[in-house]
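What follows is a short report on a single structure.
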Amino acid sequence: MAANETIALHQRNGVNSSNEFGIPLNELKSMMEQRGKESVTHVAQHYTDVDGMCKLLKTSPTKGITGSPGELERRRSVYGSNVIPPKKSKTLLQLIWEALQDVTLIILEIAAIISLGLSFYRPSGQTQEGQAACLPSNLAASGGGDHDEGDTGWIEGAAILISVAVVVLVTAINDYTKEKQFRGLQNRIEKEQKFSTIRNGNTIEIAVADIVVGDVLQVKYGDLMPSDGVLIQSNDLKIDESSLTGESDLVKKSQDRDIFLLSGTHVMEGSGRVVVSAVGIHSQTGIILTLLGASEEESAKETKRDEALLNDTEAGEGADGKAAPKKRRSKKEQSVLQAKLTKLAVQIGYAGFGVSLLTVVILIVVFCIEVFGTNNISWTSECTSIYIQYFVKFFIIGITVLVVAVPEGLPLAVTISLAFSVKKMMKDNNLVRHLDACETMGSATAICSDKTGTLTTNRMTVVECFLAGKYFNDKLPKAQDLPPSIVQKLVTGISINSAYTSKIISPEIEGGQPTQVGNKTECALLGFVRDIGRDYDSVRQDITEETLFKVYTFNSVRKSMSTVISNPDGSYRLYTKGASEIVLKKCSTVLDEEGEIKNFTAYDRQDVVSTVIQPMAQNGLRTIALAYKDIGPNVVKDWDSENEIIQNLTCIGITGIADPVRPEVPDAIKKCQRAGITVRMVTGDNMSTARSIAIKCGIIQPHKEMLVIDGKEFNRRIRNANGEIEQRLLDEVWPTLRVLARSSPTDKHTLVKGIIDSELSPNREVVAVTGDGTNDGPALKKADIGFAMGIAGTDVAKEASDIILTDDNFSSIVKAVMWGRNVYDSIAKFLQFQLTVNVVAVTVAFLGACIIKDSPLKAVQMLWVNLIMDTFASLALATEQPNEDLLLRKPYGRNKALISRTMMKNILGHAIYQLIVIFTLLFAGEQIFDIDNGRGLTLHAAPTQHFTIIFNTFVMMQVFNEINARKIHGERDVFSGMYTNPVFCSILIGTFVAQVFIVEYGGMWFTTTPLSISQWLWCVFLGMMELLWGQVVSSVPNSVIPKAFSFGKAKKTTGTNAAGRVEYYEDEAPDFTEDSIRRGQILWFRGLNRIQQQISVVEAFKHSTDIRGKAASNHDDEAHHEWLQLQLTITPEVTPQVTPTGSPTRPRKFLFPIPHKQPSS
C-alpha cells in the first residue's frame, strides 16, 4: 500500500492529520498494551506495516531520525522525554524530625525540661528556712537550696537541651548531605548509561535519557530495553519479560509473531532493530511506576495496618496452636561490619542500661535513707518540689550515663569513613552503588574473577591461524599467500557472520591503536580480515543485514553462531564460527592447500587437535573454528531445525586469538595472596587456555596443591547419587580449587553459594565475585560483594552488582580491598578510642554516685565529651589514608570479633590508668594541689577547682589517647603516618583549644572554674603519660586477655526455609520499633539502631536506582556472544595422592608443576 493510502487509512481511524506527527500519544500508549500475535494484527490494521508506522512518526526504519536539536525538542514536547521523575527527597526538617524520634534523646529532653521547669518553680509561701527543714543539715548547708540556686539552676537543663539540639542537627545535616551525594551519584550513573541508536544513518551511542519516540535502536544480547518499541528487523531475538509479566519463559520476537518490545525487559538472545514508540512515564514500566507513586501514601498506610495485624498474629498463636515464626530478612540486608556493629551495640546497650539503672537506684536509695531514715525527716507537701528536683537530677545522671555508654559517635564515624572512602574509590575506578559494599570488601577472603577483560586486556588479536592445511604460528599470511577460494570464503564468512555492530574504527592519531567497537572477539576476526589485506566493510555493503536470510545467534546451547544467505540461483550458503571442538565435530570436509574440498576424517580431526588446537590453547589462545556449507534450493523444509542444517560442514580454518594478560594483574594477585585472599578464576574457556592464563597471572603456582577442573567434573564431584548438591562434597572441592573452566553461570552461582555457606573456615568466608553477562546476575546477587564490569558489563549485571569497575581491571579490585580494610580499621580505631572513654566515664559516674553521692563528671561535661570528642574523633580516625601495609595481614572474615583481644587489652589497659588518675585526684586532689575539697557538695553548688582539674585531666588523657588509638594491631610507633593526615592534626589542636575555652570561660554552663598555669601543666602532663603508658600496655602479651573478652562477633543462627532445608543467617539488626511493642526495656537503647538509620537513606536510593535503572542500557562486549568463552575441552590429568599412612586417596586434585608433555592422540 502506498504511503498516502496508509495515511488515508490512518485518518479514517480517527487520527488528526493536522498534528505534526501522525500518531497521537494516547494511541501509542494503548497500542503497546497488545501482546503476541495481536501486536502484528494491530499494526497491520492501523498502519499497514511497521514501515507505514515509521512514516507517520516521520522516521526512517534504516536511517532513523535526523537528530537535529529542533526535531528532538518537538518530539519531547509531543511524546515526552525518556526520564522517570525520582522520588521526592526528604527535606532537612523531615530529617530533623526523624532524628528526634530517638527514644534515648526523647527521655533526655523530657528530663531536661522537667529540670528546667523545677528550677524556676517556687511553692507559694516557701521560705529558705522551710526548704532547709526538708533536707539534712549537711545538704542544706551546702547550698542545695540557697537563694543563688534559682539564678543558676536552670543552666544545666538548658545546656542539656542545647546539647541534644546539636546531636539532632549533626545527625540530620549528615543524612541530608549524604542524600545529596547519592542524588549526584545516581545522576552520574544515569548519564553514563548509553544505548546504540541510529540517527541520520549513523550508529551512535547516546544517553538513555536522550532517546525520543521515533529513534531506531539496535538491540542485542544483554541489553535492558530503555523504552517501548516496535520491531523492525530481528535475528533470533528472544526477550525475558518476567519483570513485567511474571512469566519465566523467554518470548520469541519476530515480524510475524510478536513485534512489541517493552521497557524494562531483558534481551536474552539475538539482535534486532526497534523503532521507539513510548518513553519515560508513557512506557509500560513508566505507567506502572506512576501508578505505584500515586498510591504510595495509601500503600504506606495499608502496610502499617498490615504490619500491625501481622504483629498481633505473631504475638498470638497460629491456627495449629503453635506460635507463628517470625519472618527473617534476607542475609544480604546486613553487611559483615554492620552485623558486627549491631551485635556490639546491643552488648554495650545492655551493659549501659544496667549501669545507668543501677546508678539511679543507688542515688535515690542513698538519698532516701539519709533524708527519711537517718535524719527521720517526714515528706510534706512543702518539700515535694525539692525532693522531685533531686530525683530528676538523679534521673538525669542515670540517663547521661546511658548516653555516654552508647557510642553516639559511632554512626557518624561509619558514615564519614564510608563517604570518604567512596569518594576516593571513584578515583580508583570503583563506582560504589551500595555503601555497605565498601566496608564488606575489607573482610573479603575469596575473589572469584572472570578472565576476559578482568585479568586480560580484552583487546583481542588473531596471532596464529590454520589455513590451507598450514599452521601459521610465527607470521600471519597475506591474501596472496592463500588460494583465492579460501580467501573469499574466509572474508565473507567473517564479515557477515558477525554482529554488524562490531567494527574496527581507524585511529584518529597516526600510529595509534584502532578502536574496537562491539564484541571484542568479533573485532579480532574483523581485524584479521584487514591484516590479510581485505576490507570487511565492502562485503557488508554488498550483503546488508536486512538481506540475511537466517541468523542462528550464539547461545549457551549452540556454542556457535551461524548465518545463512541466499544466492541468486535460489541456493543458500551457511557460514558458521564458534568453539573449535564444537564446530570441528560438525565438519565432514576441509579446504586443502589448493582450496579444494577433501574429506575430513576422525583421524584428521584428532591430528588437527593435537598439532594445532592444543599448542594454541597451551599458549593461552582462544581457538575459533570457521566453516561453511552450501545448501541447494528447496532442500531445507524447516529452517528452525538447526541441528539437521548445521552438520556436514566444510572447515575453512582455525584462528588463535590472543588476549594478553594485563601487565598489572600478576602483581595485584600477589598482593591478594599476601593479604590472605584466595583468587579463583571462573571462566568459560577450555582448561588449557584457562590454565595457561592462570599460570601467567600467578593464580596457580608450581609445587602447590591446587585444583583445575571444568564445569562437568565440578558438578560430578559436588552432587550425590540423586543429582543433588551436597555441602559436604562442595567442602572437599572449593578449598583447593583455583580454576573452574568451561563453567556455566549456574556453576558460578553454586560455587559462590557453597563457599559462603561453608563452615570449614573458623571465621567463615566473605566472597567477592566479578561478572559481566546477564546470566551472572544470580552469582553477583548471592556474593557478599558483586563487581560488575563498567565497559563490557550488561545492564542486568550492573543492576545486580554492588560496585562497578569502570575500567574492568582486576587491580581496581585490589584497591577496593585496601579501601575496605581501611574502613574496617577506621571503625575499629574509633571503637577502641570511644570505648575507653565510655568505660572510664561510666565507671566514674557510677562509683561517684555510690561513694560520694555525686558524679565527678557533670551531665553537661559528659555530654561535651560524648558529643564533641566523639565527633572530632570520628573525623580524625575515619579519614586516615590507606597504605600498602593493610595488605600484609590476613582478612578478618565473617565471624572474627570486631573488638579483638589486642584492642580489648588497649581499652582495659588505658581505662585502668585513667581510672587510677581520676580517683587519685578525686580523693587526694585537694591535698596534692592545696585547694578546697569539692566532694560532698549539692548538685547546684558553685564550680570548684577540684572537680575542674578532674574534668580537665580526663579530657587531656583522651586527647593523647587518641594518638594511641590510631594503632589497633599492637604497633609501637603510634606517630607513623600521623603528620600526613592534616585532619587528625587539626582536630587534636582544635580539641585542645576548645577545652581551654571551656575550662577558662565555661563557668556555670560547664561547671568549671579557671585554673592556674601549674594546674594546667599537671593536667597536660598526666595526659601525655598516656603515650608512655601505651608502650607499657603494648608490652603485655595478648594471652592475659581471655578470649571471652573479644566482642562484636556476627553470631550465626539457623532456620528453615520454605523448602524445609536448614539455612544459616547472620545476626540481623534488631527492629527496635517492632521490639519496643513487646519489650519495653528496648526503648532505653533504641539509639543503638543509629547505624541502621544511617544506611536507610542509601537503601531508599538503592530502591530508586533499581527501578529507574530499568530505563537504561549499555554496550555489552564480551557477553554479546558468549562464544568468547568457547575453547577446546581437555580432560584433566588427575594425580593420585597418598596419605601419610601410604594409602591412596580418591584422585581429586592437580599437583604442580604441570607436565609439559603433549597429551597423546
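As shown in the C-alpha cells, the chain order sets the letters A, B, ...; within each chain, residues go from 1, and ligands are also counted from 1 in the order they appear.
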Give me every strand (DSSP E) residue in stretch 347-547 of chain A, going by DSSP on the backbone, as a PDB file with N, CA and C atoms, in the first residue's frame.
```pdb
ATOM      1  N   ASN A 430      36.442   2.547  41.067  1.00  0.00           N
ATOM      2  CA  ASN A 430      35.420   1.759  41.754  1.00  0.00           C
ATOM      3  C   ASN A 430      34.199   2.643  41.993  1.00  0.00           C
ATOM      4  N   LEU A 431      33.129   2.399  41.236  1.00  0.00           N
ATOM      5  CA  LEU A 431      31.896   3.159  41.412  1.00  0.00           C
ATOM      6  C   LEU A 431      31.000   2.371  42.372  1.00  0.00           C
ATOM      7  N   VAL A 432      30.925   2.824  43.607  1.00  0.00           N
ATOM      8  CA  VAL A 432      30.211   2.097  44.660  1.00  0.00           C
ATOM      9  C   VAL A 432      28.722   2.407  44.567  1.00  0.00           C
ATOM     10  N   ALA A 446      37.885 -14.312  49.667  1.00  0.00           N
ATOM     11  CA  ALA A 446      37.961 -15.018  48.388  1.00  0.00           C
ATOM     12  C   ALA A 446      37.426 -14.119  47.287  1.00  0.00           C
ATOM     13  N   ILE A 447      38.053 -14.197  46.110  1.00  0.00           N
ATOM     14  CA  ILE A 447      37.598 -13.467  44.932  1.00  0.00           C
ATOM     15  C   ILE A 447      37.446 -14.468  43.796  1.00  0.00           C
ATOM     16  N   CYS A 448      36.249 -14.549  43.241  1.00  0.00           N
ATOM     17  CA  CYS A 448      36.002 -15.383  42.067  1.00  0.00           C
ATOM     18  C   CYS A 448      35.935 -14.449  40.862  1.00  0.00           C
ATOM     19  N   SER A 449      36.958 -14.484  40.028  1.00  0.00           N
ATOM     20  CA  SER A 449      37.106 -13.496  38.960  1.00  0.00           C
ATOM     21  C   SER A 449      36.867 -14.115  37.589  1.00  0.00           C
ATOM     22  N   THR A 461      43.325 -10.102  19.457  1.00  0.00           N
ATOM     23  CA  THR A 461      44.080 -10.053  18.206  1.00  0.00           C
ATOM     24  C   THR A 461      44.349 -11.480  17.739  1.00  0.00           C
ATOM     25  N   VAL A 462      44.118 -11.731  16.462  1.00  0.00           N
ATOM     26  CA  VAL A 462      44.457 -13.030  15.889  1.00  0.00           C
ATOM     27  C   VAL A 462      45.972 -13.067  15.685  1.00  0.00           C
ATOM     28  N   VAL A 463      46.647 -14.011  16.327  1.00  0.00           N
ATOM     29  CA  VAL A 463      48.111 -14.094  16.231  1.00  0.00           C
ATOM     30  C   VAL A 463      48.569 -15.396  15.565  1.00  0.00           C
ATOM     31  N   GLU A 464      47.702 -16.392  15.523  1.00  0.00           N
ATOM     32  CA  GLU A 464      48.030 -17.649  14.857  1.00  0.00           C
ATOM     33  C   GLU A 464      46.806 -18.121  14.084  1.00  0.00           C
ATOM     34  N   CYS A 465      47.045 -18.921  13.062  1.00  0.00           N
ATOM     35  CA  CYS A 465      45.904 -19.467  12.317  1.00  0.00           C
ATOM     36  C   CYS A 465      46.310 -20.756  11.612  1.00  0.00           C
ATOM     37  N   PHE A 466      45.297 -21.515  11.245  1.00  0.00           N
ATOM     38  CA  PHE A 466      45.477 -22.755  10.485  1.00  0.00           C
ATOM     39  C   PHE A 466      44.597 -22.633   9.247  1.00  0.00           C
ATOM     40  N   LEU A 467      45.228 -22.411   8.086  1.00  0.00           N
ATOM     41  CA  LEU A 467      44.521 -22.225   6.823  1.00  0.00           C
ATOM     42  C   LEU A 467      45.238 -22.979   5.716  1.00  0.00           C
ATOM     43  N   LYS A 470      48.007 -25.399   6.495  1.00  0.00           N
ATOM     44  CA  LYS A 470      49.258 -24.935   7.093  1.00  0.00           C
ATOM     45  C   LYS A 470      48.979 -24.257   8.434  1.00  0.00           C
ATOM     46  N   TYR A 471      49.929 -24.453   9.368  1.00  0.00           N
ATOM     47  CA  TYR A 471      49.829 -23.847  10.696  1.00  0.00           C
ATOM     48  C   TYR A 471      50.750 -22.626  10.725  1.00  0.00           C
ATOM     49  N   PHE A 472      50.161 -21.434  10.678  1.00  0.00           N
ATOM     50  CA  PHE A 472      50.920 -20.187  10.692  1.00  0.00           C
ATOM     51  C   PHE A 472      51.047 -19.721  12.148  1.00  0.00           C
ATOM     52  N   LYS A 503      32.771  -3.518  14.827  1.00  0.00           N
ATOM     53  CA  LYS A 503      33.537  -2.896  13.752  1.00  0.00           C
ATOM     54  C   LYS A 503      34.847  -2.347  14.288  1.00  0.00           C
ATOM     55  N   ILE A 504      35.758  -2.066  13.361  1.00  0.00           N
ATOM     56  CA  ILE A 504      37.062  -1.502  13.685  1.00  0.00           C
ATOM     57  C   ILE A 504      37.080  -0.065  13.177  1.00  0.00           C
ATOM     58  N   ILE A 505      37.402   0.876  14.067  1.00  0.00           N
ATOM     59  CA  ILE A 505      37.487   2.285  13.683  1.00  0.00           C
ATOM     60  C   ILE A 505      38.952   2.679  13.640  1.00  0.00           C
ATOM     61  N   THR A 515      40.337   1.515  17.205  1.00  0.00           N
ATOM     62  CA  THR A 515      39.331   1.323  18.253  1.00  0.00           C
ATOM     63  C   THR A 515      38.432   0.151  17.894  1.00  0.00           C
ATOM     64  N   GLN A 516      38.263  -0.758  18.852  1.00  0.00           N
ATOM     65  CA  GLN A 516      37.377  -1.900  18.650  1.00  0.00           C
ATOM     66  C   GLN A 516      36.009  -1.585  19.253  1.00  0.00           C
ATOM     67  N   VAL A 517      34.983  -1.613  18.425  1.00  0.00           N
ATOM     68  CA  VAL A 517      33.621  -1.320  18.870  1.00  0.00           C
ATOM     69  C   VAL A 517      32.792  -2.596  18.764  1.00  0.00           C
TER      70      VAL A 517
END
```
* To do: Can you check which residues of stretch 725-948 of chain A DSSP gives as helix (DSSP H, G or I) on the backbone and send them as a PyMOL selection string?
  => chain A and resi 727-733+745-757+774-782+795-800+810-851+859-878+884-888+901-928+945-948
* **Surrounding residues of stretch 84-91 of chain A excluding itself and chain neighbours under 2 positions, 7 Å, only C-alpha atoms, as number ranges by chain** => A: 82, 93-95, 280-281, 286, 1108
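The residue that comes closest to A:Glu439, out of A:Phe528, A:Phe923, A:Phe391, A:Phe420 and on the basis of only C-alpha atoms, is A:Phe420.
Atom CA of A:Lys967 to atom CA of A:Lys423 spans 24.0 Å [interatomic distance, one decimal].
Across the model, the gap from atom CA of A:Ile931 to atom CA of A:Phe954 is 18.4 Å.
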* Asked: If we count only C-alpha atoms, what is near A:Ala741 at a cut-off of 10 Å, once residues fewer than 6 positions away on the same chain are taken out, given as a PyMOL selection string?
  -> chain A and resi 681-691+708-714+1125-1127+1129
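Closest approach to A:Ala876 among A:Ala779, A:Ile162, A:Ala112, A:Ile987: A:Ile987, based on only C-alpha atoms.
The closest residue to A:Thr66, picked from A:Ile377, A:Ala694, A:Ile198, A:Ala627 and counting only C-alpha atoms, is A:Ile198.
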Excluding A:Lys220 and residues on its chain fewer than 2 positions from it, collect all residues at most 8 Å away from it, counting only C-alpha atoms, and give them as a JSON list (two decimals) with all heavy atoms, in the first residue's frame.
```json
[["chain", "number", "residue", "atom", "x", "y", "z"],
["A", 218, "GLN", "N", 19.39, -0.22, 18.11],
["A", 218, "GLN", "CA", 19.98, -1.52, 17.80],
["A", 218, "GLN", "C", 20.07, -2.30, 19.11],
["A", 218, "GLN", "O", 20.87, -1.95, 19.98],
["A", 218, "GLN", "CB", 21.36, -1.35, 17.16],
["A", 218, "GLN", "CG", 21.31, -0.84, 15.74],
["A", 218, "GLN", "CD", 22.67, -0.91, 15.07],
["A", 218, "GLN", "OE1", 23.69, -0.73, 15.70],
["A", 218, "GLN", "NE2", 22.68, -1.17, 13.77],
["A", 222, "GLY", "N", 21.88, -9.09, 26.14],
["A", 222, "GLY", "CA", 22.32, -8.44, 27.37],
["A", 222, "GLY", "C", 21.76, -7.07, 27.60],
["A", 222, "GLY", "O", 21.93, -6.51, 28.67],
["A", 223, "ASP", "N", 21.09, -6.50, 26.59],
["A", 223, "ASP", "CA", 20.56, -5.14, 26.74],
["A", 223, "ASP", "C", 19.33, -5.14, 27.63],
["A", 223, "ASP", "O", 18.57, -6.13, 27.70],
["A", 223, "ASP", "CB", 20.18, -4.54, 25.38],
["A", 223, "ASP", "CG", 21.40, -4.05, 24.63],
["A", 223, "ASP", "OD1", 22.46, -3.90, 25.27],
["A", 223, "ASP", "OD2", 21.31, -3.83, 23.41],
["A", 267, "VAL", "N", 16.99, -8.46, 26.91],
["A", 267, "VAL", "CA", 17.28, -9.18, 25.67],
["A", 267, "VAL", "C", 18.20, -10.35, 26.02],
["A", 267, "VAL", "O", 19.35, -10.15, 26.41],
["A", 267, "VAL", "CB", 17.95, -8.26, 24.63],
["A", 267, "VAL", "CG1", 18.22, -9.03, 23.34],
["A", 267, "VAL", "CG2", 17.09, -7.04, 24.36],
["A", 269, "GLU", "N", 18.63, -13.30, 23.95],
["A", 269, "GLU", "CA", 19.28, -13.91, 22.79],
["A", 269, "GLU", "C", 19.02, -13.04, 21.57],
["A", 269, "GLU", "O", 18.01, -12.35, 21.48],
["A", 269, "GLU", "CB", 18.72, -15.33, 22.52],
["A", 269, "GLU", "CG", 19.11, -16.37, 23.54],
["A", 269, "GLU", "CD", 18.62, -17.76, 23.16],
["A", 269, "GLU", "OE1", 18.41, -18.00, 21.95],
["A", 269, "GLU", "OE2", 18.43, -18.60, 24.05],
["A", 270, "GLY", "N", 19.97, -13.10, 20.62],
["A", 270, "GLY", "CA", 19.76, -12.49, 19.33],
["A", 270, "GLY", "C", 19.99, -10.99, 19.30],
["A", 270, "GLY", "O", 20.55, -10.39, 20.21],
["A", 271, "SER", "N", 19.52, -10.38, 18.20],
["A", 271, "SER", "CA", 19.69, -8.95, 17.99],
["A", 271, "SER", "C", 18.57, -8.46, 17.08],
["A", 271, "SER", "O", 17.77, -9.24, 16.56],
["A", 271, "SER", "CB", 21.06, -8.65, 17.35],
["A", 271, "SER", "OG", 21.16, -9.30, 16.09],
["A", 272, "GLY", "N", 18.52, -7.14, 16.90],
["A", 272, "GLY", "CA", 17.48, -6.60, 16.04],
["A", 272, "GLY", "C", 17.47, -5.08, 16.06],
["A", 272, "GLY", "O", 18.28, -4.44, 16.75],
["A", 1120, "HIS", "N", 27.95, -10.27, 24.64],
["A", 1120, "HIS", "CA", 27.09, -10.20, 23.46],
["A", 1120, "HIS", "C", 26.97, -11.54, 22.78],
["A", 1120, "HIS", "O", 25.91, -11.96, 22.41],
["A", 1120, "HIS", "CB", 27.66, -9.15, 22.52],
["A", 1120, "HIS", "CG", 26.92, -9.06, 21.22],
["A", 1120, "HIS", "ND1", 25.61, -8.69, 21.17],
["A", 1120, "HIS", "CD2", 27.33, -9.29, 19.96],
["A", 1120, "HIS", "CE1", 25.24, -8.68, 19.89],
["A", 1120, "HIS", "NE2", 26.25, -9.05, 19.16]]
```
* Closest of A:Gln701, A:Thr576, A:Gln861, A:Thr879 to A:Gly493 - atom-to-atom distances counting only C-alpha atoms -> A:Thr576
* Which one of A:Lys586, A:Arg738, A:Lys238, A:Arg935 sits closest to A:Glu642 if you count only C-alpha atoms? -> A:Lys586
* Asked: Near stretch 597-601 of chain A, counting only C-alpha atoms, which residues have an atom at most 12 Å away, once you skip same-chain residues fewer than 2 positions from it, shown as a ChimeraX atom specification?
  -> /A:468-469,485-486,584-595,603-608,627-629,648-652
* May I ask for the distance between atom CA of A:Asn634 and atom CA of A:Gly578, given in Å to one decimal place? => 26.9 Å
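Using only C-alpha atoms, the contacts of stretch 24-27 of chain A at a cut-off of 8 Å, with sequence neighbours closer than 3 positions omitted, comprise Val15, Phe21, Ser30, Met31, Val78 and Tyr79 of chain A.
The smallest atom-to-atom distance between A:Val274 and any of A:Asp772, A:Asp784, A:Asp256, A:Asp228, using only C-alpha atoms, is found for A:Asp228.
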Give me, as CSV, the closest atom pair and its distance (Å, one decimal) for every residue of stretch 815-848 of chain A within a cut-off of 10 Å of stretch 907-918 of chain A, counting only C-alpha atoms, rows sorted by chain and rising number.
```
residue,atom,partner,partner_atom,distance
A:Leu831,CA,A:Ile907,CA,9.3
A:Gln832,CA,A:Ile907,CA,6.1
A:Phe833,CA,A:Ile907,CA,7.5
A:Gln834,CA,A:Ile907,CA,9.1
A:Leu835,CA,A:Ile907,CA,6.8
A:Thr836,CA,A:Ile907,CA,5.1
A:Val837,CA,A:Ala911,CA,7.7
A:Asn838,CA,A:Ala911,CA,9.2
A:Val839,CA,A:Ala911,CA,6.8
A:Val840,CA,A:Ala911,CA,5.8
A:Ala841,CA,A:Leu915,CA,9.0
A:Thr843,CA,A:Leu915,CA,8.1
A:Val844,CA,A:Leu915,CA,7.4
```
